[in-house]
Amino acid sequence: MEKLTVDVAIIGGGIVGSATALALRKSGMSVVLLDKGMCGAQASGVNAGGVRQQARDESELPMTRRAAKIWPRLHEVLGEDIEFRQVGHLRLARSEQDVQMLEDYARMAHDYGLYLQLNSGKITQEMFPWVSRKIAGSSLAVEDGHANPRLVTPAYSRAARAHGVDIREFTRVEHSAWTGSHFETSAPELMVKSKYLVNAAGAWAGKFIELFNESAPLTLRTPNLFVTEPVSYFMTKSIAVCGGAVYFRQVERGNVVLGGGPGWGDLSIERARNRADTTLGQFQRAIELVPELSGLQIIRSWSGLEGDLPDKLPIIGPSQTTPNLIHAFGLCGHGFQLGPAIGEILCEVIRDGRSETPIDAFCISRFDKVEEKKLANAR
Ligand SMILES: Cc1cc2nc3c(=O)[nH]c(=O)nc-3n(C[C@H](O)[C@H](O)[C@H](O)COP(=O)(O)OP(=O)(O)OC[C@H]3O[C@@H](n4cnc5c(N)ncnc54)[C@H](O)[C@@H]3O)c2cc1C
C-alpha cells in the first residue's frame, strides 16, 4: 500500500477539482487530485460548453463575474487553446412579459457590473437577421460565449500536473475520515494523509457528505444535448430563450450544438444518454427561434451526470460537521462557466479561511434550515 502525505487531497478531477488543484499548488500547497476515471470525463467534459453569465440567480452573480474575468485569459493560464470564443450570449424574449423580465434582470445585473444590451424585436432582427421575426426583444451579454468542454478540464489537469500537483487518475476513493488532526483518504492500494479535504465529486458527492454525517437533497440531473451536421457559419451568438426551454450555439467548424430538457442517466451504473423525445422537441423549439436550423441533420446526441439541488444553487464552502473539509458540488447544470472562479475561491477558503467572493448563499446548512422550517410549520 502506497502512503502519501499532502496539504490537500481533492476528490474529483472535473473542472471544479482541477481548477482548485491548480490554484492551491500555485499558492505553494502540496496537492493530490484523485479521480475514479480520467480528469474531465464526466459532466465537465460532456457539457454544452456554454460560458454564460446572464439568467443566473443574483447570489451567483459575484462568482460568475469573477469567472467571466478569467475565461478570456484562461488559454494563457493553461498554456493551451481551449477554443474559448467570446461571441456573446443572446437571450431572446417571445412576449412583452419576457421583455419586461429581461429589463428587470438587466437592471439588477448592472449593480454587479454585468452590462446587458437590451434590444427591441426590430433591432434584434436588424442585428441578427437569422432570428425569427416573432421575437419580441433580446438581451446581449457581450462578454459571454462558449468553449470546448473536451479541452478545458484536461488542460486544467495538465497545467496542475506541470505545476506539481500529484494527479491520480483511475483512482476511486472508497473511504475518508477525519482523525482529529488530519484526513485519511483511501483508494485501492493508496492511503492519503492530508490536512484538508475537498469534496468535488460532482454527481457522486453525496457519498462524501454522508461519510462526514452531513446531508443535502442532492439528486441527479441529466441535461439532453445534441449536435447537427456542419453548415456555413451564420449564427454569430450563443442563444438562449426566456423560460429556458432550449439553448444552442454554432461552432466555427459549422456544427450547431443544442441542449435543454431531460436526458436519461443512472448513477449506479455511471451511464447517461439522450432521450429521443426531448431531442426532437428541443429541435422544434430551436427552429421556432432560428428558422434556418430547419432541415439540418442531427448527427449525435448525448447526456451527462450532474448533481442537482432543489434551489438550483450549488453547495460551496466549509462542512458544518468536520474541520478542514470543503465541499463544492451540485452545480445544477451550469458549473462549467463557474469552474475557474470556484477553483480560486476554494483556494482562498483553504489558504485564508475566507473568500473575497461571497459564498454564504451556497452553504450546505441552508437545507437544514428548510427542514427546520418544515418541521416548525408541521408542529
Ligand atoms: C449534459 C450537460 C450539459 C451542461 N451544459 C453546461 C453549459 O453549457 N454551461 C455550464 O456552465 N455548465 C453546463 N453543465 C454543467 C457543468 O458541466 C457542471 O456543472 C460542471 O462540469 C461540474 O463540474 P464538477 O467538477 O463539479 O463535476 P464533474 O465534472 O462531474 O467531476 C466530478 C469528478 O469526480 C469524480 N469522482 C466521483 N466520485 C469519485 C470517487 N469516489 N473517487 C474519485 N473520483 C470521483 C468523477 O469521476 C468526476 O470526474 C452541463 C452539464 C451537463 C451534464
# chains A, B, ... in the order shown; residues from 1 in each chain; ligands from 1

$ select_by_dssp --residues "stretch 244-372 of chain A" --states "strand (DSSP E)" --output "ChimeraX atom specification"
/A:247-250,256-262,264-266,271-273,298-302,306-308,315-318,325-329

$ closest_atom_pairs --of "chain A" --to "ligand 1" --cutoff "6 Å" --atoms "only C-alpha atoms and all ligand atoms" --output "Markdown table"
| residue | atom | partner | partner_atom_place_in_ligand_line | distance |
| --- | --- | --- | --- | --- |
| A:Ile11 | CA | ligand 1 | 43 (C) | 5.2 |
| A:Gly12 | CA | ligand 1 | 34 (O) | 3.2 |
| A:Gly13 | CA | ligand 1 | 49 (O) | 4.7 |
| A:Gly14 | CA | ligand 1 | 25 (O) | 3.2 |
| A:Ile15 | CA | ligand 1 | 25 (O) | 4.2 |
| A:Val16 | CA | ligand 1 | 25 (O) | 3.9 |
| A:Gly17 | CA | ligand 1 | 25 (O) | 5.5 |
| A:Leu34 | CA | ligand 1 | 43 (C) | 5.2 |
| A:Asp35 | CA | ligand 1 | 44 (N) | 3.4 |
| A:Lys36 | CA | ligand 1 | 43 (C) | 3.8 |
| A:Gly37 | CA | ligand 1 | 47 (O) | 5.0 |
| A:Cys39 | CA | ligand 1 | 49 (O) | 5.3 |
| A:Gly40 | CA | ligand 1 | 49 (O) | 5.5 |
| A:Ala41 | CA | ligand 1 | 49 (O) | 5.6 |
| A:Gln42 | CA | ligand 1 | 30 (O) | 4.5 |
| A:Ala43 | CA | ligand 1 | 29 (O) | 4.0 |
| A:Ser44 | CA | ligand 1 | 21 (O) | 3.2 |
| A:Val46 | CA | ligand 1 | 1 (C) | 5.7 |
| A:Asn47 | CA | ligand 1 | 3 (C) | 3.4 |
| A:Ala48 | CA | ligand 1 | 8 (O) | 3.7 |
| A:Gly49 | CA | ligand 1 | 8 (O) | 4.3 |
| A:Gly50 | CA | ligand 1 | 8 (O) | 3.4 |
| A:Val51 | CA | ligand 1 | 11 (O) | 5.6 |
| A:Thr171 | CA | ligand 1 | 43 (C) | 5.8 |
| A:Arg172 | CA | ligand 1 | 42 (N) | 3.7 |
| A:Val173 | CA | ligand 1 | 42 (N) | 3.8 |
| A:Glu174 | CA | ligand 1 | 41 (N) | 5.8 |
| A:Ala200 | CA | ligand 1 | 26 (O) | 5.5 |
| A:Ala201 | CA | ligand 1 | 34 (O) | 3.5 |
| A:Gly202 | CA | ligand 1 | 27 (O) | 3.8 |
| A:Ala203 | CA | ligand 1 | 30 (O) | 5.9 |
| A:Trp204 | CA | ligand 1 | 38 (N) | 4.8 |
| A:Thr222 | CA | ligand 1 | 53 (C) | 5.5 |
| A:Pro223 | CA | ligand 1 | 1 (C) | 4.4 |
| A:Asn224 | CA | ligand 1 | 1 (C) | 5.8 |
| A:Leu225 | CA | ligand 1 | 1 (C) | 5.9 |
| A:Ser303 | CA | ligand 1 | 1 (C) | 4.5 |
| A:Gly304 | CA | ligand 1 | 53 (C) | 3.8 |
| A:Leu305 | CA | ligand 1 | 53 (C) | 4.9 |
| A:Glu306 | CA | ligand 1 | 53 (C) | 4.9 |
| A:Phe329 | CA | ligand 1 | 26 (O) | 5.0 |
| A:Leu331 | CA | ligand 1 | 19 (O) | 4.3 |
| A:Cys332 | CA | ligand 1 | 19 (O) | 5.9 |
| A:Gly333 | CA | ligand 1 | 15 (C) | 3.6 |
| A:His334 | CA | ligand 1 | 12 (N) | 3.3 |
| A:Gly335 | CA | ligand 1 | 19 (O) | 3.1 |
| A:Phe336 | CA | ligand 1 | 11 (O) | 3.5 |
| A:Gln337 | CA | ligand 1 | 11 (O) | 4.0 |

$ residues_around --residues "A:Ile364" --least-positions-apart "3" --cutoff "8 Å" --atoms "only C-alpha atoms" --output "PyMOL selection string"
chain A and resi 216+315-317+319-320+367-368

$ residues_around --residues "stretch 54-65 of chain A" --least-positions-apart "5" --cutoff "7 Å" --atoms "only C-alpha atoms" --output "PyMOL selection string"
chain A and resi 112+141+338+341+357+361

$ select_by_dssp --residues "stretch 35-245 of chain A" --states "alpha helix (DSSP H)" --output "PyMOL selection string"
chain A and resi 43-46+61-70+74-78+96-110+121-127+149-162+206-210

$ closest_atom_pairs --of "stretch 258-353 of chain A" --to "stretch 206-213 of chain A" --cutoff "12 Å" --atoms "only C-alpha atoms" --output "JSON lines"
{"residue": "A:Leu267", "atom": "CA", "partner": "A:Gly206", "partner_atom": "CA", "distance": 11.2}
{"residue": "A:Glu306", "atom": "CA", "partner": "A:Gly206", "partner_atom": "CA", "distance": 11.8}
{"residue": "A:Gly307", "atom": "CA", "partner": "A:Gly206", "partner_atom": "CA", "distance": 8.9}
{"residue": "A:Asp308", "atom": "CA", "partner": "A:Gly206", "partner_atom": "CA", "distance": 10.9}
{"residue": "A:Leu309", "atom": "CA", "partner": "A:Gly206", "partner_atom": "CA", "distance": 11.4}
{"residue": "A:Ile315", "atom": "CA", "partner": "A:Ile209", "partner_atom": "CA", "distance": 11.0}
{"residue": "A:Pro318", "atom": "CA", "partner": "A:Ile209", "partner_atom": "CA", "distance": 11.4}
{"residue": "A:Ser319", "atom": "CA", "partner": "A:Ile209", "partner_atom": "CA", "distance": 8.4}
{"residue": "A:Gln320", "atom": "CA", "partner": "A:Phe212", "partner_atom": "CA", "distance": 9.3}
{"residue": "A:Thr321", "atom": "CA", "partner": "A:Phe212", "partner_atom": "CA", "distance": 6.8}
{"residue": "A:Thr322", "atom": "CA", "partner": "A:Phe212", "partner_atom": "CA", "distance": 6.8}
{"residue": "A:Pro323", "atom": "CA", "partner": "A:Phe212", "partner_atom": "CA", "distance": 10.3}
{"residue": "A:Asn324", "atom": "CA", "partner": "A:Phe212", "partner_atom": "CA", "distance": 11.7}
{"residue": "A:Leu325", "atom": "CA", "partner": "A:Phe212", "partner_atom": "CA", "distance": 9.0}
{"residue": "A:Ile326", "atom": "CA", "partner": "A:Ile209", "partner_atom": "CA", "distance": 10.1}
{"residue": "A:His327", "atom": "CA", "partner": "A:Ile209", "partner_atom": "CA", "distance": 8.3}
{"residue": "A:Ala328", "atom": "CA", "partner": "A:Ile209", "partner_atom": "CA", "distance": 10.8}
{"residue": "A:Phe329", "atom": "CA", "partner": "A:Gly206", "partner_atom": "CA", "distance": 9.0}
{"residue": "A:Gly330", "atom": "CA", "partner": "A:Gly206", "partner_atom": "CA", "distance": 9.4}

$ atom_distance --atom1 "atom CA of A:Gln282" --atom2 "atom CA of A:Trp71"
28.3 Å
